[in-house]
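Student: Just so it is clear, I am handing over my_file13.cif, which has mmCIF, C-alpha atoms.
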```cif
data_input
loop_
_atom_site.label_atom_id
_atom_site.label_comp_id
_atom_site.auth_asym_id
_atom_site.auth_seq_id
_atom_site.Cartn_x
_atom_site.Cartn_y
_atom_site.Cartn_z
CA MET A 1 30.59 -83.03 15.47
CA LYS A 2 34.29 -83.74 15.95
CA LYS A 3 35.65 -85.61 18.94
CA GLN A 4 36.77 -83.27 21.70
CA LEU A 5 40.51 -83.24 22.45
CA TYR A 6 41.55 -83.18 26.10
CA TYR A 7 44.79 -82.09 27.76
CA GLU A 8 45.40 -85.67 28.85
CA ASP A 9 45.22 -86.86 25.22
CA VAL A 10 48.42 -85.10 24.18
CA GLU A 11 52.09 -85.50 25.08
CA VAL A 12 55.18 -83.64 23.93
CA GLY A 13 55.82 -84.98 20.45
CA SER A 14 52.14 -85.71 19.74
CA GLU A 15 51.08 -84.88 16.22
CA VAL A 16 48.46 -82.26 15.45
CA ILE A 17 45.98 -83.98 13.10
CA PRO A 18 47.19 -82.87 9.63
CA LEU A 19 44.91 -80.82 7.41
CA ALA A 20 45.17 -80.93 3.61
CA LYS A 21 44.60 -77.71 1.67
CA ILE A 22 44.77 -76.63 -1.89
CA ALA A 23 45.03 -73.07 -3.10
CA THR A 24 43.53 -72.15 -6.43
CA THR A 25 43.40 -68.82 -8.21
CA GLU A 26 39.66 -68.86 -7.42
CA MET A 27 40.37 -69.18 -3.70
CA LEU A 28 42.80 -66.28 -3.83
CA VAL A 29 40.05 -64.12 -5.31
CA LYS A 30 37.62 -65.20 -2.58
CA TRP A 31 40.24 -64.53 0.06
CA ALA A 32 40.92 -61.07 -1.37
CA GLY A 33 37.21 -60.30 -1.16
CA ALA A 34 36.82 -61.63 2.38
CA THR A 35 39.84 -59.80 3.78
CA GLY A 36 39.91 -56.66 1.65
CA ASP A 37 43.49 -57.46 0.63
CA PHE A 38 43.50 -56.38 -3.01
CA ASN A 39 47.25 -56.37 -3.44
CA PRO A 40 47.76 -57.24 -7.15
CA LEU A 41 50.64 -59.46 -6.07
CA HIS A 42 47.97 -62.12 -5.65
CA TYR A 43 46.22 -61.88 -9.01
CA GLU A 44 48.21 -59.81 -11.53
CA ASP A 45 50.93 -61.60 -13.48
CA ALA A 46 52.86 -58.52 -14.59
CA PHE A 47 52.81 -57.00 -11.12
CA ALA A 48 53.93 -60.24 -9.46
CA ALA A 49 56.78 -60.49 -11.96
CA SER A 50 57.83 -56.90 -11.23
CA GLN A 51 57.94 -57.75 -7.52
CA GLY A 52 60.43 -60.51 -8.18
CA VAL A 53 58.18 -63.43 -7.26
CA GLY A 54 57.53 -64.67 -10.80
CA SER A 55 53.75 -65.02 -10.80
CA PRO A 56 50.91 -64.36 -8.32
CA ILE A 57 51.51 -65.98 -4.94
CA VAL A 58 49.23 -67.30 -2.22
CA HIS A 59 48.48 -64.66 0.43
CA GLY A 60 50.54 -65.19 3.56
CA ALA A 61 47.41 -64.43 5.57
CA LEU A 62 45.54 -67.26 3.82
CA LYS A 63 48.24 -69.69 4.91
CA ARG A 64 47.97 -68.24 8.43
CA ALA A 65 44.21 -68.80 8.23
CA TRP A 66 44.84 -72.42 7.20
CA LEU A 67 47.00 -72.83 10.31
CA GLY A 68 44.18 -71.36 12.38
CA HIS A 69 41.84 -73.91 10.79
CA LEU A 70 44.36 -76.66 11.63
CA MET A 71 44.32 -75.66 15.29
CA THR A 72 40.59 -75.04 15.74
CA ASP A 73 39.83 -78.40 14.08
CA TRP A 74 42.33 -80.23 16.27
CA THR A 75 41.43 -78.61 19.61
CA GLY A 76 37.68 -78.92 19.03
CA GLU A 77 34.98 -76.58 20.16
CA GLN A 78 36.11 -76.57 23.79
CA GLY A 79 39.70 -75.74 22.97
CA ILE A 80 40.76 -72.10 22.90
CA LEU A 81 43.34 -70.71 20.51
CA LYS A 82 45.37 -68.19 22.52
CA ARG A 83 48.26 -67.42 20.26
CA LEU A 84 49.25 -68.12 16.67
CA SER A 85 52.29 -66.92 14.82
CA CYS A 86 53.86 -67.78 11.51
CA GLN A 87 56.46 -66.57 9.08
CA TYR A 88 55.97 -66.41 5.35
CA ARG A 89 59.31 -67.85 4.35
CA GLY A 90 58.62 -69.56 1.04
CA MET A 91 56.43 -68.52 -1.88
CA ASP A 92 53.47 -70.71 -2.73
CA TYR A 93 51.81 -70.58 -6.13
CA PRO A 94 48.11 -71.38 -6.56
CA ARG A 95 46.77 -74.01 -8.92
CA LYS A 96 45.03 -72.41 -11.87
CA MET A 97 41.42 -73.26 -12.71
CA LYS A 98 40.88 -75.86 -15.44
CA ASP A 99 37.26 -74.81 -15.87
CA MET A 100 34.71 -72.89 -13.81
CA VAL A 101 34.80 -75.37 -10.95
CA THR A 102 37.76 -77.71 -11.33
CA PRO A 103 41.28 -76.78 -10.33
CA GLU A 104 44.19 -78.01 -12.40
CA GLU A 105 46.16 -80.97 -11.12
CA GLY A 106 49.01 -79.91 -8.94
CA GLU A 107 50.23 -79.16 -5.53
CA THR A 108 48.44 -80.06 -2.32
CA TRP A 109 49.59 -78.33 0.83
CA TRP A 110 49.57 -79.90 4.28
CA CYS A 111 49.12 -78.04 7.52
CA LYS A 112 50.87 -79.96 10.26
CA GLY A 113 52.11 -79.59 13.80
CA THR A 114 53.67 -81.24 16.82
CA VAL A 115 53.26 -80.60 20.53
CA THR A 116 56.37 -79.00 22.03
CA LYS A 117 55.23 -78.25 25.58
CA LYS A 118 52.32 -78.87 27.95
CA TYR A 119 51.79 -77.35 31.36
CA VAL A 120 49.21 -76.07 33.80
CA GLU A 121 49.29 -72.39 34.67
CA ASP A 122 46.71 -70.53 36.76
CA GLY A 123 44.43 -73.55 36.45
CA GLN A 124 44.62 -73.47 32.65
CA HIS A 125 45.77 -76.52 30.71
CA ILE A 126 48.12 -75.10 28.11
CA VAL A 127 49.63 -76.82 25.09
CA GLU A 128 52.24 -75.27 22.80
CA CYS A 129 52.88 -76.52 19.28
CA ASP A 130 55.19 -76.03 16.38
CA ILE A 131 53.00 -75.70 13.30
CA TRP A 132 53.70 -75.24 9.62
CA VAL A 133 52.38 -75.30 6.08
CA GLU A 134 54.22 -77.77 3.88
CA ASN A 135 54.22 -77.58 0.09
CA GLY A 136 53.98 -80.52 -2.31
CA LYS A 137 57.73 -81.07 -2.07
CA GLY A 138 57.57 -81.32 1.72
CA GLU A 139 59.18 -77.91 2.27
CA LYS A 140 57.93 -75.87 5.22
CA THR A 141 57.05 -72.60 3.52
CA THR A 142 55.18 -71.20 6.51
CA PRO A 143 56.57 -72.25 9.89
CA GLY A 144 54.99 -71.01 13.08
CA THR A 145 53.88 -71.72 16.62
CA ALA A 146 50.55 -71.90 18.42
CA THR A 147 49.37 -71.94 22.01
CA VAL A 148 46.03 -73.46 22.96
CA ILE A 149 44.10 -74.08 26.16
CA LEU A 150 42.48 -77.51 26.28
CA PRO A 151 39.81 -78.85 28.59
CA SER A 152 41.02 -81.38 31.16
CA ARG A 153 39.30 -84.65 32.04
CA GLU A 154 40.65 -84.38 35.57
CA ALA A 155 39.44 -80.85 36.09
CA LYS A 156 36.00 -82.02 34.92
CA SER A 157 35.58 -84.89 37.39
CA MET B 158 83.15 -48.33 4.94
CA GLN B 159 80.06 -48.20 7.11
CA GLN B 160 76.98 -47.93 4.93
CA ALA B 161 74.39 -45.37 5.86
CA SER B 162 71.28 -46.71 7.56
CA ILE B 163 68.16 -46.87 5.44
CA ILE B 164 66.14 -45.93 8.52
CA THR B 165 65.78 -42.16 8.31
CA ASP B 166 64.89 -39.70 11.05
CA GLU B 167 61.62 -39.12 9.28
CA MET B 168 60.85 -42.84 9.59
CA LYS B 169 61.88 -42.88 13.26
CA GLU B 170 59.41 -40.06 13.96
CA GLN B 171 56.64 -42.47 12.96
CA LEU B 172 57.50 -45.01 15.65
CA GLY B 173 54.58 -45.40 18.04
CA VAL B 174 52.34 -42.96 16.15
CA GLU B 175 48.83 -44.41 16.09
CA GLY B 176 47.09 -44.68 12.73
CA THR B 177 43.47 -43.83 12.05
CA PRO B 178 41.17 -46.27 13.90
CA THR B 179 39.22 -48.70 11.72
CA ILE B 180 35.73 -49.75 12.72
CA LEU B 181 34.60 -53.20 11.67
CA GLU B 182 30.98 -54.14 12.25
CA VAL B 183 31.06 -57.92 12.39
CA GLU B 184 28.19 -59.50 10.48
CA LYS B 185 27.24 -63.13 9.99
CA GLY B 186 27.59 -62.72 6.24
CA HIS B 187 31.15 -61.49 6.62
CA ILE B 188 32.01 -64.42 8.91
CA ARG B 189 30.48 -66.85 6.38
CA MET B 190 32.49 -65.27 3.54
CA MET B 191 35.64 -65.68 5.58
CA ALA B 192 34.87 -69.33 6.42
CA GLU B 193 34.10 -70.07 2.78
CA ALA B 194 37.23 -68.30 1.56
CA LEU B 195 39.41 -70.45 3.75
CA ASP B 196 37.30 -73.55 3.11
CA ASP B 197 36.61 -74.18 6.80
CA PRO B 198 33.23 -75.90 7.31
CA ASN B 199 33.33 -75.69 11.14
CA PRO B 200 29.65 -75.21 12.17
CA LEU B 201 30.75 -72.89 14.98
CA TRP B 202 31.32 -70.18 12.35
CA GLN B 203 27.99 -70.63 10.55
CA ASP B 204 25.39 -72.85 12.18
CA GLU B 205 23.46 -70.89 14.81
CA GLU B 206 21.61 -73.99 16.09
CA TYR B 207 24.86 -75.88 16.59
CA ALA B 208 26.69 -72.88 18.02
CA LYS B 209 23.90 -72.18 20.55
CA LYS B 210 24.62 -75.49 22.25
CA THR B 211 28.34 -74.78 22.60
CA ARG B 212 29.90 -72.82 25.44
CA TYR B 213 29.92 -69.78 23.14
CA GLY B 214 26.15 -69.73 23.02
CA GLY B 215 26.16 -68.63 19.39
CA ILE B 216 28.20 -68.16 16.25
CA VAL B 217 31.72 -66.82 16.67
CA ALA B 218 34.24 -65.67 14.08
CA PRO B 219 37.18 -67.85 13.02
CA PRO B 220 40.58 -66.53 14.18
CA ALA B 221 41.33 -65.40 10.62
CA LEU B 222 38.74 -62.62 10.81
CA LEU B 223 41.29 -60.31 12.39
CA CYS B 224 44.65 -59.15 11.06
CA ASN B 225 43.89 -58.10 7.51
CA ALA B 226 42.98 -55.01 5.53
CA ARG B 227 39.26 -55.24 6.29
CA ALA B 228 40.02 -55.48 10.01
CA GLY B 229 42.16 -52.34 9.69
CA THR B 230 45.54 -53.94 10.31
CA GLY B 231 48.23 -51.45 9.32
CA ARG B 232 45.66 -48.79 8.44
CA GLY B 233 46.85 -45.22 8.61
CA VAL B 234 50.42 -45.86 9.64
CA GLN B 235 52.98 -43.89 7.61
CA MET B 236 54.99 -46.71 6.07
CA LYS B 237 58.11 -45.22 4.50
CA SER B 238 60.72 -47.25 2.75
CA PRO B 239 63.45 -46.59 0.20
CA PHE B 240 62.30 -49.68 -1.72
CA LEU B 241 59.49 -50.35 -4.18
CA ARG B 242 58.84 -53.99 -3.39
CA ALA B 243 57.16 -55.32 -0.26
CA LEU B 244 56.05 -58.70 1.04
CA ALA B 245 54.38 -59.88 4.23
CA GLY B 246 57.03 -61.40 6.47
CA GLY B 247 54.89 -62.91 9.20
CA ASP B 248 52.18 -62.35 11.77
CA GLU B 249 51.73 -63.08 15.43
CA LEU B 250 48.30 -62.95 17.01
CA GLN B 251 47.19 -63.11 20.62
CA TYR B 252 43.53 -63.89 21.18
CA TYR B 253 41.77 -62.77 24.34
CA LEU B 254 38.03 -62.89 23.69
CA PRO B 255 35.76 -64.38 21.04
CA VAL B 256 34.44 -62.12 18.27
CA ARG B 257 30.72 -62.48 17.59
CA PRO B 258 28.26 -61.22 14.99
CA GLY B 259 27.09 -57.80 16.10
CA ASP B 260 30.42 -56.89 17.66
CA VAL B 261 31.90 -53.57 16.63
CA ILE B 262 35.66 -53.96 16.52
CA THR B 263 37.88 -50.89 16.58
CA SER B 264 41.46 -51.47 15.58
CA VAL B 265 44.42 -49.15 15.88
CA SER B 266 47.86 -49.80 14.39
CA LYS B 267 51.28 -48.30 14.98
CA ILE B 268 54.83 -48.94 13.83
CA ALA B 269 56.64 -50.64 16.70
CA GLU B 270 60.12 -50.96 15.23
CA TYR B 271 62.32 -51.10 12.15
CA ASN B 272 65.13 -53.53 11.43
CA GLU B 273 67.44 -53.64 8.48
CA ARG B 274 69.12 -56.75 7.19
CA GLU B 275 71.28 -57.83 4.32
CA GLY B 276 69.47 -60.42 2.21
CA ARG B 277 70.04 -62.29 -1.02
CA MET B 278 68.53 -59.41 -2.94
CA GLY B 279 70.49 -56.72 -1.10
CA LYS B 280 69.32 -54.59 1.80
CA MET B 281 65.92 -55.31 3.27
CA LEU B 282 63.81 -53.27 5.65
CA PHE B 283 61.64 -55.04 8.23
CA THR B 284 58.81 -52.87 9.55
CA ILE B 285 56.99 -54.25 12.60
CA ILE B 286 53.38 -53.10 12.98
CA ASP B 287 51.39 -53.65 16.15
CA THR B 288 47.59 -53.58 16.11
CA THR B 289 45.10 -53.70 18.97
CA TYR B 290 41.50 -54.81 18.39
CA LYS B 291 38.85 -53.74 20.89
CA ASN B 292 35.15 -54.52 20.97
CA GLN B 293 32.24 -52.15 21.63
CA ARG B 294 32.76 -52.59 25.38
CA GLY B 295 36.37 -51.42 25.09
CA GLU B 296 37.67 -54.94 25.81
CA VAL B 297 40.80 -56.01 23.93
CA VAL B 298 39.76 -59.05 21.89
CA ALA B 299 43.11 -59.55 20.17
CA THR B 300 46.44 -58.01 19.34
CA SER B 301 48.61 -58.63 16.30
CA ARG B 302 52.23 -58.00 15.38
CA SER B 303 52.87 -58.02 11.64
CA THR B 304 56.16 -57.82 9.81
CA SER B 305 56.37 -56.17 6.43
CA ILE B 306 59.54 -56.74 4.43
CA SER B 307 60.51 -54.20 1.79
CA TYR B 308 63.40 -54.78 -0.57
#
```
Show this structure as structure tokens.

Tutor:
Amino acid sequence: MKKQLYYEDVEVGSEVIPLAKIATTEMLVKWAGATGDFNPLHYEDAFAASQGVGSPIVHGALKRAWLGHLMTDWTGEQGILKRLSCQYRGMDYPRKMKDMVTPEEGETWWCKGTVTKKYVEDGQHIVECDIWVENGKGEKTTPGTATVILPSREAKS
Amino acid sequence: MQQASIITDEMKEQLGVEGTPTILEVEKGHIRMMAEALDDPNPLWQDEEYAKKTRYGGIVAPPALLCNARAGTGRGVQMKSPFLRALAGGDELQYYLPVRPGDVITSVSKIAEYNEREGRMGKMLFTIIDTTYKNQRGEVVATSRSTSISY
């Protein structure tokens, strides 16, 4: 079990614990199945080319899900994710599969964030963050924001 | 010369019109598929024994379960656009209540607004779609606002 994060543990400027992710063509297929998003933009070369993106791209919603994972990991089981938003600004291209189980060498994405605000409202300990997915070149392809409620050590005692 | 708007009267008539509701029966298997697809091993999504001891008292769904085709996001709204290409522009979700296995989530979407902008590839249409997700008790568990960009 992960260590629980408390309101008192974070300050404005605190870093959200980064989360590394890779996207492979296999993961895009799994994601399509799990979400019912069968847009060929995410698996069909010719279609992706016709849409002007070159080749199949990572689902925006998968990157959003990564950011959700970033936040639920960081805030721990007692934290509550209240709001999450992100924009799909830059295209991300999955690693292809080298064999049945091994992805090709290539890009690793990082989900990151920083605390921008913390305050107590109606007895709730609220923390706001800037969050983003960063590609292998360090470009923020998917910037967003999140709001979480954290438990408080003071409120507990 | 002022260019004509790409937002037609026919499109404006669709503003606020609710699409067909989608009913999603949340099952453990579906939650597990979702957790596996996003490679999130959090036991709260899968391990009943672990989850029982948390304040949730059982497995809950990861936030990603909502706001996608299977959850009915954008279902039934009459998306009209003069363009052939479309991409997801962004999403904003508000979460109110946990979603658990056994929940029956009904979602309804509507077009909230249109915006047009000049982009690198010419004119672009931004269609904003709002979706409300309610559980079997009629409680709103989440809302989402999605932007679709056509160009």

Student: Using only C-alpha atoms and a cut-off of 6 Å, which residues of chain A sit close to chain B? Please list them as an MDAnalysis selection string.

Tutor: chainID A and resid 30:31 34:37 51 65 82:88

Student: Quick one: residues within 12 Å of (50.5, -75.5, 7.0) (file frame), counting all atoms listed in the file, please, as a ChimeraX atom specification.

Tutor: /A:16-23,60-71,85-90,92,108-114,130-136,138-146

Student: Provide the CA of Arg257 (chain B) to CA of Lys185 (chain B) distance in Å, to one decimal place.

Tutor: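 Between CA of Arg257 (chain B) and CA of Lys185 (chain B) the gap is 8.4 Å.
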
Student: Starting from the point (57.2, -63.0, -10.4), work out which residues of protein, DNA or RNA have an atom no more than 12 Å away when counting only C-alpha atoms; state them as a list in words.

Tutor: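 These residues have at least one counted atom within 12 Å: Pro40, Leu41, His42, Tyr43, Glu44, Asp45, Ala46, Phe47, Ala48, Ala49, Ser50, Gln51, Gly52, Val53, Gly54, Ser55, Pro56, Ile57, Met91, Asp92 and Tyr93 of chain A; Arg242 of chain B.
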
Student: Could you expand the PyMOL selection byres ((chain B and resi 162-173) around 8) into the explicit residues it covers here, written as a list of chain:residue names?

Tutor: B:Gln160, B:Ala161, B:Val174, B:Glu175, B:Val234, B:Gln235, B:Met236, B:Lys237, B:Ser238, B:Pro239, B:Lys267, B:Ile268, B:Ala269, B:Glu270, B:Tyr271, B:Glu273, B:Leu282

Student: How many Å lie between CA of Glu15 (chain A) and CA of Val115 (chain A), rounded to one decimal?

Tutor: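 Rounded to one decimal, the two atoms are 6.5 Å apart.
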
Student: Between CA of Gln293 (chain B) and CA of Val265 (chain B), what distance in Å does the model show, to one decimal?

Tutor: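 Between CA of Gln293 (chain B) and CA of Val265 (chain B) the gap works out to 13.8 Å.
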
Student: Using only C-alpha atoms, which of the listed residues (A:Gly79, A:Gly33, A:Gly13, A:Gly123) sits closest to Thr147 (chain A)?

Tutor: A:Gly79

Student: If the PyMOL selection byres ((chain A and resi 97-105) around 8) were run on this exact file, what residues would it hold? Put them as a VMD selection string.

Tutor: chain A and resid 24 to 26 95 to 96 106 to 107

Student: Check which residues satisfy the PyMOL selection byres ((chain A and resi 151) around 8) in the file shown, then give them as a list of chain:residue names.

Tutor: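 After applying the PyMOL selection byres ((chain A and resi 151) around 8), what remains is A:Leu5, A:Tyr6, A:Tyr7, A:Gln78, A:Gly79, A:His125, A:Ile149, A:Leu150, A:Ser152, A:Arg153, A:Ala155.
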